[in-house]
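Everything on this sheet refers to the single structure shown next.
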Amino acid sequence: MVRGWGELSRSERAYVLRHAVAQLLLWSAFFYLFAALLPQIGAAFGETPIVMSAALTGGLLAWALAAPFCGRLIDRGHGRALLAGGALCGAAALVLIAVAPSYPVFVAGMLVLGPAMAATLYDPCFALVVRRFPNRARAPIAAVTLVAGLASLVTFPLVAVLGETLDWRGIVLVFATGAVLAALALPGEVEGGVARERTAGPPLAAGLRARTILIGASFAALILSHSMLLFHLPGALASRPAFGASAHLILALIGPAQIAGRLALGAMPGVSSALLCRVVFVFMLVPPLLLLAAPQFPALALVAVLLQGAGFGIHTVLRPETAELHLGSRAIGGALGVIAMIGLLMMALGPALGALAQARFGFSGLLWLALAVNAVGLGLLFRLDPPGAVFTMARRS
């Protein structure tokens with residue numbers, strides 16, 4: 001499956017696979033579902049895309065703000081209860097959304113869903129895996145991401161199939177059931193095998209704090225661009241006769257493309273992460289350009305989605321490697337927390353900013369904005385590493 005997987009025992013593999021299945025269900029129910037259903041829900045409430053995206057932004061902000069608190073609960077040994085409780089809380093939020101009689105109740109459901117995402121999606125899972133496999137968590141984490149990366153492949157086609165017989169409220173209830181199943185799928189924790197709680201390291205020096213923010217801002221640019229496209233591309237494609245009902249199927253390929261990107265990265269262990277970052281950041285300029293040309297050449301939309309997914313999948317792996325390269329291992333946990341927080345805040349901004357750009361300048365205006373944001377990220381990366389330094393590191397590797 002992944003390098004190092006064969007070294008795990010049967011019980012350890014079962015532990016990892018149960019987490020992987022839970023993450024697949026939770027990412028589908030809590031995140032990708034609203035990328036697929038946002039136009040339908042907005043039409044039902046009679047609200048504009050900007051207003052609907054504001055509700056999503058509120059939920060994502062709640063996710064970002066709750067993340068540090070959830071991390072502290074895991075450090076205190078409440079990890080499994082946190083994930084299971086978060087999954088059930090998220091299921092309850094989906095039920096509230098499904099029965100919402102008006103937009104304000106929908107907003108309330110999204111605000112409840114935000115902390116549930118903070119308690120369940122990726123980071124809490126990774127923390128538990130690291131505690132379960134101290135100093136050997138790379139293969140288990142990789143396995144979780146490979147399975148969970150299929151979430152978009154599950155969500156978009158399933159929404160399309162369910163939409164033949166159910167309205168959007170019924171579809172949300174189906175995914176709420178999936179969140180409950182995720183809570184049941186979670187494995188138990190063997191505290192005797194976990195890493196001991198560590199005291200916080202010394203605070204970062206001023207220079208390292210500046211680098212931390214620079215790394216966070218550069219990668220957050222890609223997250224912001226990805227968030228804008230993820231939540232507005234389905235509606236834009238569905239409104240075009242060339243795509244119609246196949247829009248959801250096209251968007252479903254983002255997840256498999258992410259997995260393909262991560263597998264490709266694993267095949268290049270000797271390449272400098274600094275050089276790979278430059279390549280990926282340049283690579284991410286291509287999808288918006290292809291989408292700009294898609295009205296004349298519809299097949300380019302499929303290529304753009306595949307490239308967007310692959311580049312974003314690689315980006316998520318390169319982010320911690322880049323932090324370690326430039327910040328070292330001292331206080332790396334706190335630094336990664338800051339970087340993740342910046343990324344989540346930009347993810348929260350994406351739906352509303354994309355809706356605003358689309359309302360003012362059309363979907364092509366949103367694409368130009370996404371292109372500009374990616375270019376800013378590339379510029380920040382150049383501030384982090386002058387070109388000569390990148391190739392020096394590449395030669396050393």
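Chain labels A, B, ... are given in the sequence in which chains occur in the structure tokens; within each chain residues are numbered consecutively from 1, and ligands are likewise numbered from 1 in the order shown.
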
Q: Please run DSSP on the backbone and report, as an MDAnalysis selection string, all residues within stretch 243-300 of chain A that come out as alpha helix (DSSP H).
A: chainID A and resid 247:251 254:266 273:283 286:293 299:300

Based on the selection just made, write N, CA and C atoms of those residues as an mmCIF file, in the first residue's frame.
```
data_model
loop_
_atom_site.group_PDB
_atom_site.id
_atom_site.type_symbol
_atom_site.label_atom_id
_atom_site.label_comp_id
_atom_site.auth_asym_id
_atom_site.auth_seq_id
_atom_site.Cartn_x
_atom_site.Cartn_y
_atom_site.Cartn_z
ATOM 1 N N ALA A 247 -20.848 17.605 -14.299
ATOM 2 C CA ALA A 247 -19.982 18.483 -13.511
ATOM 3 C C ALA A 247 -19.554 17.824 -12.217
ATOM 4 N N HIS A 248 -20.497 17.157 -11.524
ATOM 5 C CA HIS A 248 -20.151 16.511 -10.262
ATOM 6 C C HIS A 248 -19.162 15.368 -10.479
ATOM 7 N N LEU A 249 -19.303 14.658 -11.579
ATOM 8 C CA LEU A 249 -18.377 13.557 -11.858
ATOM 9 C C LEU A 249 -16.976 14.089 -12.126
ATOM 10 N N ILE A 250 -16.876 15.211 -12.809
ATOM 11 C CA ILE A 250 -15.569 15.814 -13.073
ATOM 12 C C ILE A 250 -14.911 16.244 -11.766
ATOM 13 N N LEU A 251 -15.686 16.902 -10.894
ATOM 14 C CA LEU A 251 -15.134 17.363 -9.624
ATOM 15 C C LEU A 251 -14.749 16.204 -8.725
ATOM 16 N N ILE A 254 -10.975 15.161 -8.164
ATOM 17 C CA ILE A 254 -9.993 15.895 -7.368
ATOM 18 C C ILE A 254 -9.318 14.972 -6.361
ATOM 19 N N GLY A 255 -10.121 14.154 -5.666
ATOM 20 C CA GLY A 255 -9.549 13.252 -4.662
ATOM 21 C C GLY A 255 -8.559 12.254 -5.243
ATOM 22 N N PRO A 256 -8.945 11.480 -6.265
ATOM 23 C CA PRO A 256 -7.975 10.568 -6.871
ATOM 24 C C PRO A 256 -6.737 11.281 -7.407
ATOM 25 N N ALA A 257 -6.913 12.502 -7.930
ATOM 26 C CA ALA A 257 -5.752 13.250 -8.416
ATOM 27 C C ALA A 257 -4.816 13.608 -7.269
ATOM 28 N N GLN A 258 -5.371 13.928 -6.099
ATOM 29 C CA GLN A 258 -4.536 14.200 -4.938
ATOM 30 C C GLN A 258 -3.715 12.970 -4.569
ATOM 31 N N ILE A 259 -4.356 11.818 -4.590
ATOM 32 C CA ILE A 259 -3.645 10.582 -4.278
ATOM 33 C C ILE A 259 -2.536 10.328 -5.293
ATOM 34 N N ALA A 260 -2.835 10.545 -6.575
ATOM 35 C CA ALA A 260 -1.820 10.353 -7.608
ATOM 36 C C ALA A 260 -0.639 11.296 -7.391
ATOM 37 N N GLY A 261 -0.927 12.537 -7.014
ATOM 38 C CA GLY A 261 0.152 13.482 -6.739
ATOM 39 C C GLY A 261 1.021 13.028 -5.586
ATOM 40 N N ARG A 262 0.402 12.530 -4.512
ATOM 41 C CA ARG A 262 1.181 12.068 -3.360
ATOM 42 C C ARG A 262 2.010 10.845 -3.699
ATOM 43 N N LEU A 263 1.439 9.940 -4.512
ATOM 44 C CA LEU A 263 2.214 8.771 -4.929
ATOM 45 C C LEU A 263 3.394 9.190 -5.797
ATOM 46 N N ALA A 264 3.184 10.182 -6.678
ATOM 47 C CA ALA A 264 4.288 10.680 -7.503
ATOM 48 C C ALA A 264 5.375 11.301 -6.645
ATOM 49 N N LEU A 265 4.963 12.021 -5.603
ATOM 50 C CA LEU A 265 5.953 12.613 -4.701
ATOM 51 C C LEU A 265 6.760 11.543 -3.996
ATOM 52 N N GLY A 266 6.099 10.446 -3.615
ATOM 53 C CA GLY A 266 6.812 9.355 -2.956
ATOM 54 C C GLY A 266 7.831 8.681 -3.849
ATOM 55 N N SER A 273 13.063 19.193 -1.191
ATOM 56 C CA SER A 273 11.715 19.709 -0.978
ATOM 57 C C SER A 273 11.622 21.169 -1.385
ATOM 58 N N ALA A 274 12.717 21.927 -1.252
ATOM 59 C CA ALA A 274 12.704 23.329 -1.671
ATOM 60 C C ALA A 274 12.486 23.447 -3.176
ATOM 61 N N LEU A 275 13.174 22.601 -3.943
ATOM 62 C CA LEU A 275 13.004 22.622 -5.393
ATOM 63 C C LEU A 275 11.606 22.142 -5.785
ATOM 64 N N LEU A 276 11.130 21.100 -5.103
ATOM 65 C CA LEU A 276 9.795 20.594 -5.396
ATOM 66 C C LEU A 276 8.733 21.648 -5.111
ATOM 67 N N CYS A 277 8.922 22.422 -4.044
ATOM 68 C CA CYS A 277 7.963 23.485 -3.742
ATOM 69 C C CYS A 277 7.881 24.480 -4.882
ATOM 70 N N ARG A 278 9.022 24.896 -5.406
ATOM 71 C CA ARG A 278 9.020 25.834 -6.532
ATOM 72 C C ARG A 278 8.258 25.258 -7.720
ATOM 73 N N VAL A 279 8.534 23.992 -8.014
ATOM 74 C CA VAL A 279 7.882 23.348 -9.153
ATOM 75 C C VAL A 279 6.374 23.291 -8.940
ATOM 76 N N VAL A 280 5.940 22.898 -7.738
ATOM 77 C CA VAL A 280 4.514 22.760 -7.460
ATOM 78 C C VAL A 280 3.813 24.111 -7.489
ATOM 79 N N PHE A 281 4.448 25.152 -6.931
ATOM 80 C CA PHE A 281 3.814 26.462 -6.917
ATOM 81 C C PHE A 281 3.662 27.016 -8.341
ATOM 82 N N VAL A 282 4.641 26.766 -9.203
ATOM 83 C CA VAL A 282 4.502 27.155 -10.608
ATOM 84 C C VAL A 282 3.422 26.307 -11.274
ATOM 85 N N PHE A 283 3.426 25.027 -10.972
ATOM 86 C CA PHE A 283 2.452 24.073 -11.507
ATOM 87 C C PHE A 283 1.024 24.528 -11.202
ATOM 88 N N VAL A 286 -1.255 26.748 -13.498
ATOM 89 C CA VAL A 286 -1.811 26.232 -14.744
ATOM 90 C C VAL A 286 -3.324 26.005 -14.692
ATOM 91 N N PRO A 287 -3.890 25.368 -13.618
ATOM 92 C CA PRO A 287 -5.335 25.085 -13.649
ATOM 93 C C PRO A 287 -6.234 26.296 -13.889
ATOM 94 N N PRO A 288 -6.018 27.457 -13.225
ATOM 95 C CA PRO A 288 -6.887 28.601 -13.537
ATOM 96 C C PRO A 288 -6.789 29.043 -14.995
ATOM 97 N N LEU A 289 -5.584 28.963 -15.573
ATOM 98 C CA LEU A 289 -5.420 29.344 -16.974
ATOM 99 C C LEU A 289 -6.190 28.398 -17.888
ATOM 100 N N LEU A 290 -6.150 27.106 -17.583
ATOM 101 C CA LEU A 290 -6.893 26.133 -18.391
ATOM 102 C C LEU A 290 -8.396 26.362 -18.270
ATOM 103 N N LEU A 291 -8.850 26.677 -17.068
ATOM 104 C CA LEU A 291 -10.285 26.915 -16.882
ATOM 105 C C LEU A 291 -10.746 28.174 -17.606
ATOM 106 N N LEU A 292 -9.864 29.152 -17.720
ATOM 107 C CA LEU A 292 -10.212 30.345 -18.483
ATOM 108 C C LEU A 292 -10.451 30.012 -19.956
ATOM 109 N N ALA A 293 -9.729 29.008 -20.462
ATOM 110 C CA ALA A 293 -9.891 28.609 -21.861
ATOM 111 C C ALA A 293 -10.949 27.523 -22.046
ATOM 112 N N ALA A 299 -12.778 20.190 -22.837
ATOM 113 C CA ALA A 299 -11.942 19.123 -22.292
ATOM 114 C C ALA A 299 -10.879 19.661 -21.346
ATOM 115 N N LEU A 300 -10.527 20.943 -21.491
ATOM 116 C CA LEU A 300 -9.512 21.528 -20.613
ATOM 117 C C LEU A 300 -9.986 21.585 -19.168
#
```

Q. Contacts of A:Arg169 at 9 Å or less, counting only C-alpha atoms, minus same-chain residues fewer than 4 places along, as a ChimeraX atom specification?
A. /A:41,95,97-100,173-174

So that I have them on file, write out the residues from the current selection with all heavy atoms, as an mmCIF file, in the first residue's frame.
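That gives us selection-v1.cif:
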```cif
data_model
loop_
_atom_site.group_PDB
_atom_site.id
_atom_site.type_symbol
_atom_site.label_atom_id
_atom_site.label_comp_id
_atom_site.auth_asym_id
_atom_site.auth_seq_id
_atom_site.Cartn_x
_atom_site.Cartn_y
_atom_site.Cartn_z
ATOM 1 N N ILE A 41 -28.926 24.271 -2.006
ATOM 2 C CA ILE A 41 -29.366 24.805 -0.720
ATOM 3 C C ILE A 41 -29.650 26.294 -0.847
ATOM 4 O O ILE A 41 -30.647 26.802 -0.313
ATOM 5 C CB ILE A 41 -28.302 24.530 0.364
ATOM 6 C CG1 ILE A 41 -28.083 23.029 0.532
ATOM 7 C CG2 ILE A 41 -28.733 25.134 1.698
ATOM 8 C CD1 ILE A 41 -26.962 22.671 1.486
ATOM 9 N N VAL A 95 -28.150 17.108 10.764
ATOM 10 C CA VAL A 95 -29.598 16.951 10.936
ATOM 11 C C VAL A 95 -30.257 18.316 11.087
ATOM 12 O O VAL A 95 -31.319 18.583 10.498
ATOM 13 C CB VAL A 95 -29.894 16.059 12.158
ATOM 14 C CG1 VAL A 95 -31.392 16.056 12.456
ATOM 15 C CG2 VAL A 95 -29.402 14.635 11.913
ATOM 16 N N ILE A 97 -29.198 21.121 9.898
ATOM 17 C CA ILE A 97 -29.185 21.751 8.573
ATOM 18 C C ILE A 97 -30.274 21.160 7.684
ATOM 19 O O ILE A 97 -30.964 21.871 6.946
ATOM 20 C CB ILE A 97 -27.791 21.586 7.940
ATOM 21 C CG1 ILE A 97 -26.769 22.464 8.671
ATOM 22 C CG2 ILE A 97 -27.819 21.921 6.448
ATOM 23 C CD1 ILE A 97 -25.330 22.198 8.290
ATOM 24 N N ALA A 98 -30.445 19.840 7.755
ATOM 25 C CA ALA A 98 -31.426 19.172 6.898
ATOM 26 C C ALA A 98 -32.858 19.613 7.205
ATOM 27 O O ALA A 98 -33.703 19.636 6.306
ATOM 28 C CB ALA A 98 -31.309 17.654 7.043
ATOM 29 N N VAL A 99 -33.137 19.949 8.462
ATOM 30 C CA VAL A 99 -34.509 20.344 8.826
ATOM 31 C C VAL A 99 -34.643 21.857 8.947
ATOM 32 O O VAL A 99 -35.714 22.339 9.335
ATOM 33 C CB VAL A 99 -34.935 19.676 10.156
ATOM 34 C CG1 VAL A 99 -34.874 18.156 10.037
ATOM 35 C CG2 VAL A 99 -34.080 20.159 11.329
ATOM 36 N N ALA A 100 -33.580 22.596 8.598
ATOM 37 C CA ALA A 100 -33.601 24.051 8.771
ATOM 38 C C ALA A 100 -34.743 24.680 7.970
ATOM 39 O O ALA A 100 -34.810 24.504 6.754
ATOM 40 C CB ALA A 100 -32.270 24.646 8.339
ATOM 41 N N LEU A 173 -29.228 14.126 5.199
ATOM 42 C CA LEU A 173 -29.503 13.115 6.223
ATOM 43 C C LEU A 173 -28.745 11.814 5.942
ATOM 44 O O LEU A 173 -28.301 11.136 6.875
ATOM 45 C CB LEU A 173 -31.006 12.848 6.296
ATOM 46 C CG LEU A 173 -31.853 13.976 6.909
ATOM 47 C CD1 LEU A 173 -33.335 13.627 6.821
ATOM 48 C CD2 LEU A 173 -31.448 14.238 8.359
ATOM 49 N N VAL A 174 -28.616 11.446 4.677
ATOM 50 C CA VAL A 174 -27.829 10.255 4.341
ATOM 51 C C VAL A 174 -26.388 10.429 4.794
ATOM 52 O O VAL A 174 -25.786 9.525 5.403
ATOM 53 C CB VAL A 174 -27.893 9.983 2.826
ATOM 54 C CG1 VAL A 174 -26.892 8.886 2.440
ATOM 55 C CG2 VAL A 174 -29.295 9.572 2.414
#
```

Near-A:Thr48 list (12 Å; only C-alpha atoms; drop same-chain fewer than 5 positions) as a tab-separated table (two decimals) with N, CA and C atoms, in the first residue's frame:
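Now in selection-v3.tsv:
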```
chain	number	residue	atom	x	y	z
A	38	LEU	N	-24.13	23.23	-2.34
A	38	LEU	CA	-24.33	24.65	-2.05
A	38	LEU	C	-25.31	25.33	-3.00
A	39	PRO	N	-25.23	25.12	-4.33
A	39	PRO	CA	-26.20	25.78	-5.21
A	39	PRO	C	-27.64	25.37	-4.91
A	40	GLN	N	-27.89	24.10	-4.62
A	40	GLN	CA	-29.24	23.64	-4.33
A	40	GLN	C	-29.77	24.24	-3.03
A	41	ILE	N	-28.93	24.27	-2.01
A	41	ILE	CA	-29.37	24.80	-0.72
A	41	ILE	C	-29.65	26.29	-0.85
A	42	GLY	N	-28.79	27.00	-1.57
A	42	GLY	CA	-29.01	28.43	-1.78
A	42	GLY	C	-30.31	28.71	-2.50
A	43	ALA	N	-30.62	27.90	-3.51
A	43	ALA	CA	-31.86	28.08	-4.25
A	43	ALA	C	-33.07	27.82	-3.36
A	53	SER	N	-22.15	31.51	0.86
A	53	SER	CA	-20.73	31.31	1.12
A	53	SER	C	-20.32	31.91	2.46
A	54	ALA	N	-21.02	32.97	2.89
A	54	ALA	CA	-20.73	33.55	4.20
A	54	ALA	C	-20.99	32.55	5.31
A	55	ALA	N	-22.03	31.74	5.16
A	55	ALA	CA	-22.31	30.70	6.16
A	55	ALA	C	-21.19	29.66	6.19
A	103	TYR	N	-32.70	30.34	6.45
A	103	TYR	CA	-31.26	30.54	6.36
A	103	TYR	C	-30.59	30.71	7.72
A	352	ALA	N	-16.44	32.90	0.50
A	352	ALA	CA	-17.02	34.24	0.43
A	352	ALA	C	-16.27	35.12	-0.57
A	355	ALA	N	-17.20	34.04	-4.05
A	355	ALA	CA	-18.55	34.46	-4.41
A	355	ALA	C	-18.59	35.95	-4.74
A	356	LEU	N	-17.86	36.74	-3.97
A	356	LEU	CA	-17.81	38.18	-4.22
A	356	LEU	C	-17.17	38.48	-5.57
A	358	GLN	N	-17.00	36.49	-8.14
A	358	GLN	CA	-17.87	36.01	-9.21
A	358	GLN	C	-19.04	36.95	-9.43
A	359	ALA	N	-19.58	37.51	-8.32
A	359	ALA	CA	-20.71	38.43	-8.46
A	359	ALA	C	-20.31	39.72	-9.17
```

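Rounded to one decimal, atom CA of A:Val129 and atom CA of A:Leu325 lie 22.8 Å from each other.
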
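Remark: for A:Leu56, the closest of the candidate residues A:Gly235, A:Pro124, A:Gly163, A:Gly354 is A:Gly354 (distances computed over only C-alpha atoms).
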
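Among the candidate residues A:Ala238, A:Ala183, A:Val147, A:Leu166, the one lying nearest to A:Gly90 is A:Ala183, with distances computed using only C-alpha atoms.
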
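With only C-alpha atoms as the atoms that count, the residue of A:Val338, A:Ala64, A:Ala182, A:Ile213 with the shortest distance to A:Leu384 is A:Ile213.
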
(Q) I need the residue nearest A:Ile342 from this list: A:Ala375, A:Ile314, A:Val21, A:Ile223. Use only C-alpha atoms for the distance. (A) A:Ile223

Q. Can you tell me how far atom CA of A:Leu96 sits from atom CA of A:Leu111, in Å to one decimal?
A. 11.0 Å

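Counting only C-alpha atoms, the residue from A:Gly365, A:Leu33, A:Phe69, A:Ser152 that sits nearest to A:Val305 is A:Ser152.
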
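All residues of protein, DNA or RNA that reach within 10 Å of A:Gln23, judged by only C-alpha atoms and not counting those fewer than 5 positions away in the chain, are Leu17, Arg18, Ser28, Ala29, Ala87, Thr120, Leu121, Tyr122, Cys125, Val144, Thr145, Val147, Ala148, Gly149, Leu150, Ala151, Ala179, Ala182, Ala183, Ala185 and Leu186 of chain A.
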
How would the residues just picked look written out with N, CA and C atoms as a CSV table (one decimal), in the first residue's frame?
```
chain,number,residue,atom,x,y,z
A,17,LEU,N,-6.6,1.3,9.3
A,17,LEU,CA,-7.6,1.2,8.4
A,17,LEU,C,-9.0,1.7,8.9
A,18,ARG,N,-9.2,1.5,10.2
A,18,ARG,CA,-10.5,2.0,10.8
A,18,ARG,C,-10.4,3.5,10.9
A,28,SER,N,-16.2,13.4,3.6
A,28,SER,CA,-17.3,13.4,2.7
A,28,SER,C,-18.5,14.1,3.3
A,29,ALA,N,-18.8,13.8,4.6
A,29,ALA,CA,-20.0,14.4,5.2
A,29,ALA,C,-19.9,15.9,5.6
A,87,ALA,N,-17.6,13.5,15.7
A,87,ALA,CA,-18.4,12.9,14.6
A,87,ALA,C,-19.9,12.9,14.9
A,120,THR,N,-12.4,16.3,14.3
A,120,THR,CA,-12.3,15.1,13.6
A,120,THR,C,-11.4,15.0,12.4
A,121,LEU,N,-11.3,16.1,11.6
A,121,LEU,CA,-10.7,16.0,10.3
A,121,LEU,C,-9.2,16.1,10.4
A,122,TYR,N,-8.5,15.1,9.9
A,122,TYR,CA,-7.1,14.9,9.8
A,122,TYR,C,-6.2,15.2,11.0
A,125,CYS,N,-6.9,13.1,14.0
A,125,CYS,CA,-6.5,11.7,13.7
A,125,CYS,C,-5.0,11.5,13.6
A,144,VAL,N,-3.7,6.6,5.8
A,144,VAL,CA,-4.9,7.3,6.1
A,144,VAL,C,-5.3,8.3,5.0
A,145,THR,N,-4.3,9.1,4.6
A,145,THR,CA,-4.5,10.1,3.6
A,145,THR,C,-4.8,9.5,2.2
A,147,VAL,N,-6.6,6.7,1.7
A,147,VAL,CA,-8.0,6.3,1.7
A,147,VAL,C,-8.9,7.5,1.8
A,148,ALA,N,-8.6,8.4,2.7
A,148,ALA,CA,-9.4,9.6,2.9
A,148,ALA,C,-9.4,10.5,1.7
A,149,GLY,N,-8.4,10.4,0.9
A,149,GLY,CA,-8.3,11.2,-0.3
A,149,GLY,C,-9.4,10.9,-1.4
A,150,LEU,N,-10.0,9.7,-1.2
A,150,LEU,CA,-11.1,9.3,-2.1
A,150,LEU,C,-12.4,10.0,-1.7
A,151,ALA,N,-12.4,10.9,-0.7
A,151,ALA,CA,-13.7,11.5,-0.3
A,151,ALA,C,-14.5,12.2,-1.4
A,179,ALA,N,-21.7,10.0,9.0
A,179,ALA,CA,-20.9,10.5,10.2
A,179,ALA,C,-21.1,9.6,11.4
A,182,ALA,N,-19.0,6.7,11.0
A,182,ALA,CA,-17.6,7.0,11.2
A,182,ALA,C,-17.3,6.9,12.7
A,183,ALA,N,-18.2,7.4,13.6
A,183,ALA,CA,-17.9,7.3,15.0
A,183,ALA,C,-17.8,5.9,15.5
A,185,ALA,N,-16.8,3.4,13.6
A,185,ALA,CA,-15.7,2.8,13.0
A,185,ALA,C,-14.4,3.1,13.7
A,186,LEU,N,-14.3,4.1,14.5
A,186,LEU,CA,-13.1,4.5,15.2
A,186,LEU,C,-12.6,3.4,16.1
```
